[in-house]
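K.L.:
Contents of structure-v5.txt (compact mmCIF, C-alpha atoms):
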```txt
# COMPACT_ATOMS: atom_id res chain seq x y z
CA MET A 186 11.65 160.96 45.75
CA ALA A 187 14.01 160.15 42.90
CA THR A 188 12.81 160.80 39.38
CA PRO A 189 12.55 157.50 37.48
CA LEU A 190 14.91 157.09 34.56
CA LEU A 191 13.11 157.34 31.25
CA SER A 192 13.88 155.11 28.30
CA PRO A 193 15.14 156.94 25.21
CA ALA A 194 12.43 157.94 22.77
CA PRO A 195 12.00 155.19 20.16
CA LEU A 196 13.43 155.58 16.70
CA GLN A 197 10.99 156.32 13.90
CA VAL A 198 12.12 153.50 11.65
CA ASP A 199 9.74 154.22 8.76
CA ALA A 200 11.20 157.72 8.46
CA ILE A 201 14.75 156.41 8.83
CA ARG A 202 14.20 153.74 6.19
CA ALA A 203 13.04 156.44 3.77
CA ASP A 204 16.49 158.04 4.12
CA PHE A 205 18.13 154.98 2.53
CA PRO A 206 17.47 154.87 -1.23
CA ILE A 207 18.73 151.30 -1.68
CA LEU A 208 16.02 149.95 0.61
CA ASN A 209 13.30 151.28 -1.70
CA GLN A 210 13.30 148.24 -3.97
CA ALA A 211 11.50 144.94 -4.32
CA ASN A 212 12.03 141.66 -6.13
CA GLU A 213 10.02 140.38 -9.08
CA ARG A 214 7.38 139.08 -6.67
CA GLY A 215 6.93 142.50 -5.13
CA GLN A 216 8.63 141.62 -1.84
CA ARG A 217 10.37 144.58 -0.22
CA LEU A 218 14.09 144.18 0.37
CA VAL A 219 14.85 143.24 3.98
CA TYR A 220 18.53 143.94 4.56
CA LEU A 221 19.90 142.03 7.55
CA ASP A 222 23.63 142.03 6.81
CA SER A 223 24.76 145.28 8.40
CA ALA A 224 27.47 143.50 10.38
CA ALA A 225 29.19 142.99 7.02
CA SER A 226 28.42 146.43 5.55
CA SER A 227 25.65 148.85 6.37
CA GLN A 228 23.60 150.75 3.84
CA LYS A 229 24.09 154.50 3.33
CA PRO A 230 21.58 157.31 3.87
CA ALA A 231 21.02 159.82 1.12
CA VAL A 232 22.80 162.56 3.06
CA VAL A 233 26.01 160.51 2.99
CA ILE A 234 25.67 159.65 -0.68
CA ASP A 235 24.92 163.30 -1.50
CA ALA A 236 27.85 164.59 0.55
CA GLN A 237 30.29 162.34 -1.25
CA ALA A 238 28.79 163.15 -4.65
CA ASN A 239 28.82 166.87 -3.85
CA TYR A 240 32.54 166.73 -3.14
CA TYR A 241 33.26 165.13 -6.50
CA ARG A 242 30.89 167.48 -8.32
CA HIS A 243 31.97 170.76 -6.74
CA ASP A 244 35.11 170.50 -4.55
CA ASN A 245 37.29 167.73 -5.97
CA ALA A 246 40.91 168.71 -5.37
CA ASN A 247 43.92 167.65 -3.39
CA ILE A 248 43.92 168.88 0.18
CA HIS A 249 46.27 170.89 2.41
CA ARG A 250 48.40 172.45 -0.34
CA GLY A 251 46.29 174.32 -2.82
CA VAL A 252 45.49 177.98 -2.19
CA TYR A 253 42.66 177.98 -4.71
CA ALA A 254 39.00 177.69 -3.70
CA LEU A 255 38.44 174.01 -4.54
CA SER A 256 41.40 172.87 -2.47
CA GLU A 257 40.56 175.12 0.44
CA ARG A 258 36.97 173.84 0.54
CA ALA A 259 38.10 170.22 0.26
CA THR A 260 40.61 170.71 3.07
CA THR A 261 38.00 172.28 5.31
CA GLU A 262 35.51 169.49 4.68
CA TYR A 263 38.16 166.79 5.25
CA GLU A 264 39.33 168.23 8.56
CA THR A 265 35.76 168.93 9.66
CA ALA A 266 35.04 165.24 9.14
CA ARG A 267 37.95 164.40 11.43
CA LYS A 268 36.50 166.64 14.14
CA ARG A 269 33.09 165.02 13.73
CA VAL A 270 34.57 161.55 14.21
CA ALA A 271 36.54 162.71 17.24
CA ALA A 272 33.37 164.06 18.83
CA PHE A 273 31.51 160.84 17.98
CA ILE A 274 33.96 158.66 19.94
CA ASN A 275 34.85 161.37 22.50
CA ALA A 276 38.46 161.57 21.40
CA PRO A 277 40.04 164.51 23.24
CA ASP A 278 42.16 165.58 20.25
CA PRO A 279 40.99 165.30 16.60
CA ASP A 280 44.59 164.99 15.44
CA THR A 281 44.77 161.59 17.13
CA CYS A 282 42.09 160.29 14.73
CA ILE A 283 43.94 158.86 11.75
CA PHE A 284 41.96 158.30 8.56
CA VAL A 285 42.45 154.79 7.15
CA ARG A 286 40.46 152.59 4.78
CA ASN A 287 38.97 150.29 7.41
CA THR A 288 39.54 148.55 10.74
CA THR A 289 41.82 146.01 9.07
CA GLU A 290 44.21 148.73 7.95
CA ALA A 291 44.07 150.40 11.34
CA ILE A 292 45.07 147.23 13.17
CA ASN A 293 47.83 146.47 10.67
CA LEU A 294 49.14 150.00 11.16
CA VAL A 295 49.47 149.38 14.90
CA ALA A 296 50.91 145.89 14.47
CA TYR A 297 53.57 147.19 12.10
CA SER A 298 54.43 150.62 13.52
CA TRP A 299 53.94 149.99 17.23
CA GLY A 300 54.49 146.24 17.25
CA ARG A 301 57.86 146.06 15.49
CA GLN A 302 59.13 148.80 17.74
CA HIS A 303 57.97 147.32 21.06
CA ILE A 304 57.54 143.54 20.74
CA GLN A 305 60.62 141.40 21.25
CA ALA A 306 61.42 137.70 21.29
CA GLY A 307 59.68 135.94 24.14
CA ASP A 308 57.05 138.62 24.72
CA LEU A 309 53.42 137.56 25.14
CA LEU A 310 50.58 138.91 23.00
CA VAL A 311 46.98 138.12 23.97
CA VAL A 312 43.96 138.08 21.67
CA THR A 313 40.61 136.31 22.03
CA LEU A 314 38.74 133.60 20.18
CA LEU A 315 35.90 136.09 19.73
CA ASP A 316 38.06 138.13 17.39
CA HIS A 317 37.62 138.67 13.67
CA HIS A 318 40.56 137.49 11.56
CA SER A 319 41.55 141.15 11.17
CA ASN A 320 42.41 141.25 14.87
CA LEU A 321 44.15 137.87 14.78
CA VAL A 322 46.25 137.59 11.63
CA PRO A 323 48.28 140.84 12.08
CA TRP A 324 49.31 139.64 15.55
CA GLN A 325 50.11 136.16 14.25
CA VAL A 326 52.44 137.73 11.70
CA LEU A 327 53.98 140.04 14.30
CA ALA A 328 54.55 137.17 16.75
CA GLU A 329 56.21 135.08 14.05
CA THR A 330 58.36 137.97 12.85
CA GLN A 331 59.50 139.01 16.33
CA GLY A 332 59.70 135.59 17.94
CA ALA A 333 56.91 136.41 20.39
CA GLU A 334 54.17 134.17 21.79
CA LEU A 335 50.52 134.63 20.85
CA ALA A 336 47.87 133.34 23.27
CA TYR A 337 44.11 133.15 22.69
CA ALA A 338 41.62 133.83 25.47
CA ARG A 339 38.95 131.16 25.23
CA VAL A 340 35.17 131.60 25.07
CA THR A 341 32.43 129.79 26.93
CA ALA A 342 29.81 127.58 25.31
CA GLY A 343 27.42 130.54 25.69
CA GLY A 344 29.62 132.78 23.55
CA ARG A 345 31.14 134.91 26.32
CA LEU A 346 34.78 135.53 27.06
CA ASP A 347 36.16 132.96 29.48
CA GLU A 348 37.09 135.50 32.13
CA ASP A 349 39.05 133.06 34.27
CA HIS A 350 41.24 132.12 31.32
CA LEU A 351 41.76 135.72 30.27
CA GLY A 352 42.63 136.60 33.86
CA ARG A 353 45.28 133.87 33.96
CA LEU A 354 46.77 135.18 30.72
CA LEU A 355 46.96 138.68 32.19
CA ASP A 356 48.82 137.24 35.18
CA ARG A 357 51.60 136.46 32.71
CA GLU A 358 52.07 140.21 32.04
CA PRO A 359 51.52 140.39 28.27
CA LYS A 360 52.90 143.28 26.27
CA LEU A 361 49.73 143.60 24.19
CA VAL A 362 46.05 142.74 24.62
CA ALA A 363 43.80 143.06 21.56
CA MET A 364 40.09 142.32 21.78
CA PRO A 365 36.77 143.11 20.11
CA HIS A 366 34.23 145.49 21.63
CA VAL A 367 31.47 143.46 19.97
CA SER A 368 31.78 140.06 18.30
CA ASN A 369 30.76 140.20 14.65
CA ALA A 370 29.81 136.50 14.70
CA LEU A 371 27.81 136.26 17.94
CA GLY A 372 27.01 139.83 18.94
CA THR A 373 28.75 139.39 22.31
CA ILE A 374 29.47 142.73 23.98
CA VAL A 375 32.78 142.71 25.84
CA ASP A 376 33.26 144.94 28.89
CA VAL A 377 36.29 146.56 27.30
CA ALA A 378 36.66 149.32 29.90
CA ARG A 379 37.05 146.77 32.71
CA TRP A 380 39.42 144.56 30.74
CA THR A 381 41.44 147.56 29.58
CA ARG A 382 42.05 148.55 33.19
CA ARG A 383 43.08 145.03 34.13
CA ALA A 384 45.32 144.62 31.10
CA GLN A 385 47.05 147.96 31.58
CA ALA A 386 47.56 147.15 35.26
CA ALA A 387 49.40 144.05 34.04
CA GLY A 388 51.61 146.24 31.85
CA ALA A 389 49.89 145.69 28.50
CA THR A 390 49.11 148.06 25.67
CA VAL A 391 45.45 147.62 24.68
CA LEU A 392 43.86 147.76 21.24
CA ILE A 393 40.08 147.57 20.82
CA ASP A 394 38.45 146.49 17.57
CA GLY A 395 35.42 148.77 17.46
CA ALA A 396 34.17 147.84 14.00
CA GLN A 397 30.96 146.33 15.39
CA SER A 398 30.47 148.66 18.36
CA ALA A 399 30.82 152.12 16.84
CA PRO A 400 27.67 151.75 14.68
CA HIS A 401 25.51 150.38 17.48
CA LEU A 402 26.68 151.52 20.94
CA PRO A 403 27.75 154.81 22.46
CA VAL A 404 31.56 154.80 22.27
CA ASP A 405 33.77 156.85 24.57
CA VAL A 406 37.45 156.10 24.06
CA ALA A 407 38.40 158.31 26.99
CA ALA A 408 36.16 156.31 29.32
CA ILE A 409 37.34 152.98 27.90
CA GLY A 410 40.92 154.05 28.49
CA CYS A 411 42.41 151.89 25.72
CA ASP A 412 45.58 152.83 23.88
CA PHE A 413 44.15 152.26 20.39
CA PHE A 414 40.62 152.01 18.99
CA ALA A 415 39.80 151.06 15.39
CA LEU A 416 36.57 151.47 13.42
CA SER A 417 35.27 151.02 9.87
CA GLY A 418 33.09 153.56 8.11
CA HIS A 419 31.35 151.05 5.86
CA LYS A 420 29.69 149.44 8.90
CA LEU A 421 28.38 152.74 10.32
CA LEU A 422 26.45 154.12 7.34
CA ALA A 423 29.55 155.65 5.71
CA PRO A 424 31.27 154.92 2.38
CA MET A 425 33.46 151.89 1.85
CA GLY A 426 37.13 152.79 2.06
CA SER A 427 36.68 154.99 5.13
CA GLY A 428 37.79 154.24 8.66
CA VAL A 429 39.68 155.59 11.66
CA LEU A 430 42.46 154.57 13.97
CA TRP A 431 42.35 156.50 17.22
CA GLY A 432 45.35 156.33 19.51
CA LYS A 433 46.67 158.09 22.56
CA ARG A 434 48.92 160.92 21.44
CA ASP A 435 52.04 159.70 23.22
CA ARG A 436 51.67 156.31 21.54
CA LEU A 437 51.17 157.78 18.07
CA ASP A 438 53.93 160.36 18.46
CA ALA A 439 56.44 157.65 19.33
CA MET A 440 55.50 155.34 16.44
CA PRO A 441 57.25 155.41 13.06
CA PRO A 442 55.11 155.82 9.93
CA PHE A 443 53.30 152.83 8.46
CA LEU A 444 53.53 154.09 4.86
CA THR A 445 55.97 156.66 3.48
CA GLY A 446 55.84 159.05 0.56
CA GLY A 447 53.96 162.25 -0.11
CA GLY A 448 51.92 164.08 2.47
CA MET A 449 53.48 162.51 5.56
CA ILE A 450 56.80 164.34 5.47
CA ARG A 451 58.06 167.57 6.97
CA ARG A 452 61.29 167.82 5.01
CA VAL A 453 63.08 165.62 2.48
CA THR A 454 66.75 166.03 1.54
CA VAL A 455 69.30 163.76 -0.08
CA ASP A 456 70.53 163.03 3.43
CA GLY A 457 67.20 161.88 4.88
CA THR A 458 63.64 162.73 5.81
CA THR A 459 61.77 164.04 8.82
CA TRP A 460 58.12 163.23 9.45
CA ALA A 461 55.12 165.53 9.63
CA GLU A 462 53.14 165.95 12.84
CA LEU A 463 49.97 164.00 13.60
CA PRO A 464 47.76 163.09 11.88
CA ALA A 465 49.62 163.61 8.59
CA LYS A 466 52.47 161.28 9.63
CA PHE A 467 50.15 158.29 9.14
CA GLU A 468 48.23 159.54 6.08
CA ALA A 469 50.71 159.07 3.24
CA GLY A 470 49.68 159.85 -0.29
CA THR A 471 46.51 161.39 -1.63
CA PRO A 472 43.75 160.44 0.80
CA ALA A 473 40.22 159.28 0.09
CA VAL A 474 38.79 162.75 0.68
CA GLY A 475 35.23 162.05 -0.48
CA GLU A 476 35.04 158.92 1.66
CA ALA A 477 36.25 160.79 4.74
CA ILE A 478 33.68 163.52 4.14
CA GLY A 479 30.99 160.85 3.87
CA LEU A 480 32.18 159.34 7.14
CA GLY A 481 31.85 162.69 8.88
CA VAL A 482 28.29 163.07 7.64
CA ALA A 483 27.45 159.49 8.68
CA VAL A 484 28.57 160.00 12.28
CA ASP A 485 26.56 163.22 12.38
CA TYR A 486 23.51 161.29 11.17
CA LEU A 487 23.94 158.75 13.97
CA THR A 488 24.63 161.50 16.50
CA GLU A 489 21.37 163.21 15.57
CA LEU A 490 19.52 159.93 16.06
CA GLY A 491 21.27 159.54 19.42
CA MET A 492 23.45 156.52 20.10
CA ASP A 493 21.54 155.77 23.31
CA ARG A 494 18.38 155.53 21.20
CA VAL A 495 20.17 153.40 18.60
CA ARG A 496 21.32 150.98 21.29
CA SER A 497 17.88 150.85 22.91
CA HIS A 498 16.18 150.23 19.57
CA GLU A 499 18.53 147.43 18.56
CA ARG A 500 18.33 145.83 22.01
CA ASP A 501 14.53 145.73 21.80
CA LEU A 502 14.67 144.44 18.23
CA THR A 503 17.12 141.70 19.21
CA ASP A 504 14.83 140.71 22.09
CA TYR A 505 11.90 140.47 19.70
CA ALA A 506 13.91 138.49 17.16
CA LEU A 507 15.23 135.98 19.69
CA ASP A 508 11.73 135.37 20.99
CA ARG A 509 10.31 135.08 17.47
CA LEU A 510 12.97 132.67 16.21
CA GLN A 511 12.95 130.50 19.33
CA ARG A 512 9.34 129.58 18.52
CA LEU A 513 10.36 128.00 15.22
CA PRO A 514 11.04 124.25 15.21
CA GLY A 515 14.64 123.12 14.94
CA ILE A 516 16.23 126.54 15.44
CA GLN A 517 19.56 126.70 17.29
CA LEU A 518 20.62 130.18 18.44
CA TYR A 519 24.19 131.10 19.35
CA GLY A 520 25.50 133.84 21.61
CA PRO A 521 24.74 135.25 25.07
CA ASP A 522 21.24 135.04 26.52
CA ASP A 523 21.56 138.33 28.44
CA LEU A 524 20.48 141.22 26.20
CA ASP A 525 22.82 143.58 28.07
CA GLU A 526 25.69 141.44 26.77
CA ARG A 527 24.46 141.23 23.21
CA ALA A 528 24.34 143.60 20.25
CA GLY A 529 22.05 143.30 17.23
CA VAL A 530 23.60 140.16 15.76
CA ILE A 531 21.86 136.77 15.72
CA SER A 532 23.70 133.68 14.50
CA PHE A 533 21.56 130.60 14.09
CA ALA A 534 21.16 127.17 12.53
CA VAL A 535 18.04 125.56 11.08
CA GLY A 536 18.25 121.91 11.99
CA GLU A 537 20.83 120.14 9.82
CA VAL A 538 20.33 122.50 6.87
CA HIS A 539 23.61 123.97 5.66
CA PRO A 540 23.78 127.71 6.45
CA HIS A 541 24.43 128.56 2.79
CA ASP A 542 21.24 126.75 1.80
CA VAL A 543 19.36 128.69 4.46
CA ALA A 544 20.75 131.98 3.16
CA SER A 545 19.93 131.05 -0.44
CA ILE A 546 16.28 130.37 0.34
CA LEU A 547 16.07 133.56 2.39
CA ALA A 548 17.49 135.43 -0.60
CA GLU A 549 14.65 134.07 -2.73
CA GLU A 550 12.31 135.78 -0.24
CA ASN A 551 14.35 139.02 -0.63
CA VAL A 552 15.77 138.71 2.88
CA ALA A 553 19.53 139.39 2.85
CA VAL A 554 21.58 137.62 5.52
CA ARG A 555 25.12 136.27 5.74
CA ALA A 556 26.19 132.63 5.91
CA GLY A 557 29.66 131.31 6.64
CA HIS A 558 32.32 131.49 9.32
CA HIS A 559 32.14 135.32 9.37
CA CYS A 560 35.96 135.60 9.31
CA CYS A 561 36.01 133.86 12.70
CA GLN A 562 37.29 130.38 11.93
CA PRO A 563 39.00 129.85 15.32
CA LEU A 564 35.74 130.79 17.07
CA MET A 565 33.74 128.42 14.89
CA ARG A 566 36.12 125.57 15.71
CA GLU A 567 35.94 126.39 19.41
CA LEU A 568 32.14 126.12 19.26
CA ASP A 569 32.33 122.98 17.10
CA LEU A 570 30.68 124.72 14.17
CA VAL A 571 31.56 124.98 10.49
CA ALA A 572 29.38 128.00 9.81
CA THR A 573 26.22 129.79 10.87
CA THR A 574 23.55 131.92 9.26
CA ARG A 575 23.69 135.46 10.63
CA ALA A 576 21.10 138.21 10.72
CA SER A 577 22.37 141.61 11.83
CA PHE A 578 20.41 144.78 12.44
CA SER A 579 20.84 148.51 12.00
CA VAL A 580 18.75 151.62 12.52
CA TYR A 581 16.64 150.94 9.43
CA ASN A 582 15.34 147.56 10.67
CA ASP A 583 12.21 146.95 12.70
CA GLU A 584 9.89 144.15 13.80
CA THR A 585 8.39 143.78 10.33
CA ASP A 586 11.85 142.81 9.08
CA VAL A 587 12.12 140.19 11.81
CA ASP A 588 8.70 138.85 10.84
CA ARG A 589 9.85 138.55 7.24
CA LEU A 590 12.97 136.72 8.44
CA ALA A 591 10.90 134.31 10.48
CA SER A 592 8.51 133.66 7.59
CA ALA A 593 11.44 132.97 5.27
CA ILE A 594 12.92 130.52 7.79
CA GLU A 595 9.55 128.76 7.92
CA ARG A 596 9.92 128.23 4.17
CA VAL A 597 13.39 126.74 4.76
CA ILE A 598 11.83 124.33 7.23
CA GLU A 599 9.13 123.38 4.72
CA VAL A 600 11.61 122.84 1.88
CA PHE A 601 13.87 120.61 3.94
CA ALA A 602 11.15 118.86 5.93
```
Translate this structure into structure tokens?
P.N.:
Amino acid sequence: MATPLLSPAPLQVDAIRADFPILNQANERGQRLVYLDSAASSQKPAVVIDAQANYYRHDNANIHRGVYALSERATTEYETARKRVAAFINAPDPDTCIFVRNTTEAINLVAYSWGRQHIQAGDLLVVTLLDHHSNLVPWQVLAETQGAELAYARVTAGGRLDEDHLGRLLDREPKLVAMPHVSNALGTIVDVARWTRRAQAAGATVLIDGAQSAPHLPVDVAAIGCDFFALSGHKLLAPMGSGVLWGKRDRLDAMPPFLTGGGMIRRVTVDGTTWAELPAKFEAGTPAVGEAIGLGVAVDYLTELGMDRVRSHERDLTDYALDRLQRLPGIQLYGPDDLDERAGVISFAVGEVHPHDVASILAEENVAVRAGHHCCQPLMRELDLVATTRASFSVYNDETDVDRLASAIERVIEVFA
């Protein structure tokens, strides 16, 4: 008889919350801060803050060149962080993990270095209407510069990719397909492994925006099979100004540098320059060493929690939140109904109340959410929306936070009754 599969052990949210100093505060009415804007930027645990501070207190020096103790320690910590990130996303070679400031920079790096080398007039690029502006605008610029065509895979009224439409676009043999792993506006989880296989079979290079997936789902770039994967540290408990572009080695080796100057060269003469090997070729100038170290500690923190447990916790919390909010009068929820297709993001409307007014009243109750188009204006237009209010979860949220959210929305309903 087969042994039944056991659910991951639940996260101990009270203990986790205690790791985040910023959450230990209240407003003038004594209401504890409920932070529900992690899709924009997550909060940072003390171990990350301490690691970054420790670098600046004890090891601050330029890396890779100094033979003195500070520089050697800084170099070791910086490269250890790279190995930690590689393990976190199951990258087979740490040197294919390029430190950048954020997902936006990572995608621009690919659009510039790979795109200008490979995209020609008349080529087709495919993105989706689920995408954040950061995975749209670089390709718009590239298409305009190179004379290529940019096509947008549509979404359904339920917030899923229109698979028939995307399939028809792939039949046209695009040179590039770029898509999100998780929608920052709706929480939609895209089956990127399946679409990567289909896109590559059609001859496309595939880039995955993992800004919203890396903090919340187990990520395995080898299993996904994509050519490039981008993530932001500030969304996965790490410092702002930290991020990673992962790429297959043959792709990265063949690409010219994005930025030039110090650190990314092998040899400079009056006759020309040769480039350093990966990853240095794409890390020009003095890097953000403390931020990278903080990123390495953050992925270790999540690894110790267990990404299967993180996903299970946020799935259950999203289920609870959807059920709780659906009971409120006048609430409109956006995004997939199937919890297996949804991460911990809930976009909603409260009757005809403007989302910014909703967010303002929630802020008075010390509940932090986001209101706006979430850098997804084409998606909003496709869904015939101007904006939504968005609550997004992380490991430090639990059902009491959802209850506070629901109570604050009840006050919105009372105010605008």
K.L.:
What's around Glu329 of chain A at 12 Å? Count all atoms listed in the file, leave out sequence neighbours fewer than 3 positions away in its own chain, and write the answer as a short mmCIF file (atom, residue, chain, number, x, y, z; two decimals) with C-alpha atoms, keeping the file's coordinate frame.
P.N.:
```cif
data_model
loop_
_atom_site.label_atom_id
_atom_site.label_comp_id
_atom_site.auth_asym_id
_atom_site.auth_seq_id
_atom_site.Cartn_x
_atom_site.Cartn_y
_atom_site.Cartn_z
CA GLY A 300 54.49 146.24 17.25
CA ARG A 301 57.86 146.06 15.49
CA ILE A 304 57.54 143.54 20.74
CA GLN A 305 60.62 141.40 21.25
CA ALA A 306 61.42 137.70 21.29
CA GLY A 307 59.68 135.94 24.14
CA ASP A 308 57.05 138.62 24.72
CA LEU A 309 53.42 137.56 25.14
CA LEU A 310 50.58 138.91 23.00
CA VAL A 322 46.25 137.59 11.63
CA PRO A 323 48.28 140.84 12.08
CA TRP A 324 49.31 139.64 15.55
CA GLN A 325 50.11 136.16 14.25
CA VAL A 326 52.44 137.73 11.70
CA GLY A 332 59.70 135.59 17.94
CA ALA A 333 56.91 136.41 20.39
CA GLU A 334 54.17 134.17 21.79
CA LEU A 335 50.52 134.63 20.85
#
```
K.L.:
Name the residues in contact with Ile516 of chain A at a cut-off of 8 Å, using only C-alpha atoms, excluding same-chain residues fewer than 2 positions from it; report them as a ChimeraX atom specification.
P.N.:
/A:510-511,513-514,518,533-536
K.L.:
Given 8 Å of margin on each side, can you work out the centre and size in Å (one decimal) of an axis-aligned box holding every listed atom of segment 568-581 of chain A, as JSON?
P.N.:
```
{"center_x": 24.5, "center_y": 137.3, "center_z": 14.3, "size_x": 31.7, "size_y": 44.6, "size_z": 26.0}
```
K.L.:
From the options A:Ile409, A:Leu361, A:Ala396, A:Met492, which residue's atoms come nearest to Ser427 of chain A, counting only C-alpha atoms?
P.N.:
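Checking each candidate against Ser427 of chain A, we get A:Ala396 as the closest.
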K.L.:
Which residues, written as a PDB file with C-alpha atoms, in the coordinates of the input, have at least one atom at most 10 Å from Asn247 of chain A, with only C-alpha atoms counted and residues fewer than 4 positions away on the same chain left out?
P.N.:
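After the write, result31.pdb holds the following:
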```pdb
ATOM      1  CA  GLY A 251      46.290 174.320  -2.820  1.00  0.00           C
ATOM      2  CA  LEU A 255      38.440 174.010  -4.540  1.00  0.00           C
ATOM      3  CA  SER A 256      41.400 172.870  -2.470  1.00  0.00           C
ATOM      4  CA  GLU A 257      40.560 175.120   0.440  1.00  0.00           C
ATOM      5  CA  ALA A 259      38.100 170.220   0.260  1.00  0.00           C
ATOM      6  CA  THR A 260      40.610 170.710   3.070  1.00  0.00           C
ATOM      7  CA  THR A 471      46.510 161.390  -1.630  1.00  0.00           C
ATOM      8  CA  PRO A 472      43.750 160.440   0.800  1.00  0.00           C
ATOM      9  CA  ALA A 473      40.220 159.280   0.090  1.00  0.00           C
ATOM     10  CA  VAL A 474      38.790 162.750   0.680  1.00  0.00           C
TER      11      VAL A 474
END
```
K.L.:
For segment 581-597 of chain A in the structure I just supplied, write out N, CA and C atoms - as a PDB file, in the first residue's frame.
P.N.:
```pdb
ATOM      1  N   TYR A 581       5.730  36.200   6.561  1.00  0.00           N
ATOM      2  CA  TYR A 581       5.431  36.787   7.867  1.00  0.00           C
ATOM      3  C   TYR A 581       3.954  37.135   8.029  1.00  0.00           C
ATOM      4  N   ASN A 582       3.115  36.750   7.077  1.00  0.00           N
ATOM      5  CA  ASN A 582       1.672  37.010   7.176  1.00  0.00           C
ATOM      6  C   ASN A 582       0.915  35.757   7.574  1.00  0.00           C
ATOM      7  N   ASP A 583      -0.201  35.957   8.283  1.00  0.00           N
ATOM      8  CA  ASP A 583      -1.039  34.826   8.665  1.00  0.00           C
ATOM      9  C   ASP A 583      -2.500  35.255   8.644  1.00  0.00           C
ATOM     10  N   GLU A 584      -3.370  34.394   9.163  1.00  0.00           N
ATOM     11  CA  GLU A 584      -4.805  34.654   9.088  1.00  0.00           C
ATOM     12  C   GLU A 584      -5.212  35.890   9.887  1.00  0.00           C
ATOM     13  N   THR A 585      -4.472  36.211  10.938  1.00  0.00           N
ATOM     14  CA  THR A 585      -4.821  37.425  11.692  1.00  0.00           C
ATOM     15  C   THR A 585      -4.624  38.667  10.832  1.00  0.00           C
ATOM     16  N   ASP A 586      -3.651  38.641   9.937  1.00  0.00           N
ATOM     17  CA  ASP A 586      -3.459  39.760   9.019  1.00  0.00           C
ATOM     18  C   ASP A 586      -4.625  39.868   8.046  1.00  0.00           C
ATOM     19  N   VAL A 587      -5.103  38.728   7.571  1.00  0.00           N
ATOM     20  CA  VAL A 587      -6.255  38.729   6.668  1.00  0.00           C
ATOM     21  C   VAL A 587      -7.488  39.260   7.394  1.00  0.00           C
ATOM     22  N   ASP A 588      -7.656  38.878   8.644  1.00  0.00           N
ATOM     23  CA  ASP A 588      -8.788  39.376   9.420  1.00  0.00           C
ATOM     24  C   ASP A 588      -8.721  40.892   9.586  1.00  0.00           C
ATOM     25  N   ARG A 589      -7.518  41.401   9.813  1.00  0.00           N
ATOM     26  CA  ARG A 589      -7.354  42.852   9.913  1.00  0.00           C
ATOM     27  C   ARG A 589      -7.682  43.518   8.582  1.00  0.00           C
ATOM     28  N   LEU A 590      -7.263  42.904   7.486  1.00  0.00           N
ATOM     29  CA  LEU A 590      -7.591  43.428   6.155  1.00  0.00           C
ATOM     30  C   LEU A 590      -9.096  43.472   5.967  1.00  0.00           C
ATOM     31  N   ALA A 591      -9.766  42.385   6.287  1.00  0.00           N
ATOM     32  CA  ALA A 591     -11.215  42.328   6.107  1.00  0.00           C
ATOM     33  C   ALA A 591     -11.920  43.370   6.976  1.00  0.00           C
ATOM     34  N   SER A 592     -11.468  43.537   8.202  1.00  0.00           N
ATOM     35  CA  SER A 592     -12.081  44.533   9.090  1.00  0.00           C
ATOM     36  C   SER A 592     -11.885  45.940   8.548  1.00  0.00           C
ATOM     37  N   ALA A 593     -10.701  46.201   7.989  1.00  0.00           N
ATOM     38  CA  ALA A 593     -10.440  47.522   7.423  1.00  0.00           C
ATOM     39  C   ALA A 593     -11.305  47.768   6.187  1.00  0.00           C
ATOM     40  N   ILE A 594     -11.531  46.722   5.389  1.00  0.00           N
ATOM     41  CA  ILE A 594     -12.414  46.876   4.224  1.00  0.00           C
ATOM     42  C   ILE A 594     -13.844  47.138   4.675  1.00  0.00           C
ATOM     43  N   GLU A 595     -14.250  46.516   5.768  1.00  0.00           N
ATOM     44  CA  GLU A 595     -15.589  46.791   6.306  1.00  0.00           C
ATOM     45  C   GLU A 595     -15.735  48.273   6.654  1.00  0.00           C
ATOM     46  N   ARG A 596     -14.650  48.874   7.129  1.00  0.00           N
ATOM     47  CA  ARG A 596     -14.700  50.317   7.422  1.00  0.00           C
ATOM     48  C   ARG A 596     -14.826  51.113   6.129  1.00  0.00           C
ATOM     49  N   VAL A 597     -14.136  50.683   5.069  1.00  0.00           N
ATOM     50  CA  VAL A 597     -14.302  51.337   3.760  1.00  0.00           C
ATOM     51  C   VAL A 597     -15.770  51.307   3.348  1.00  0.00           C
TER      52      VAL A 597
END
```
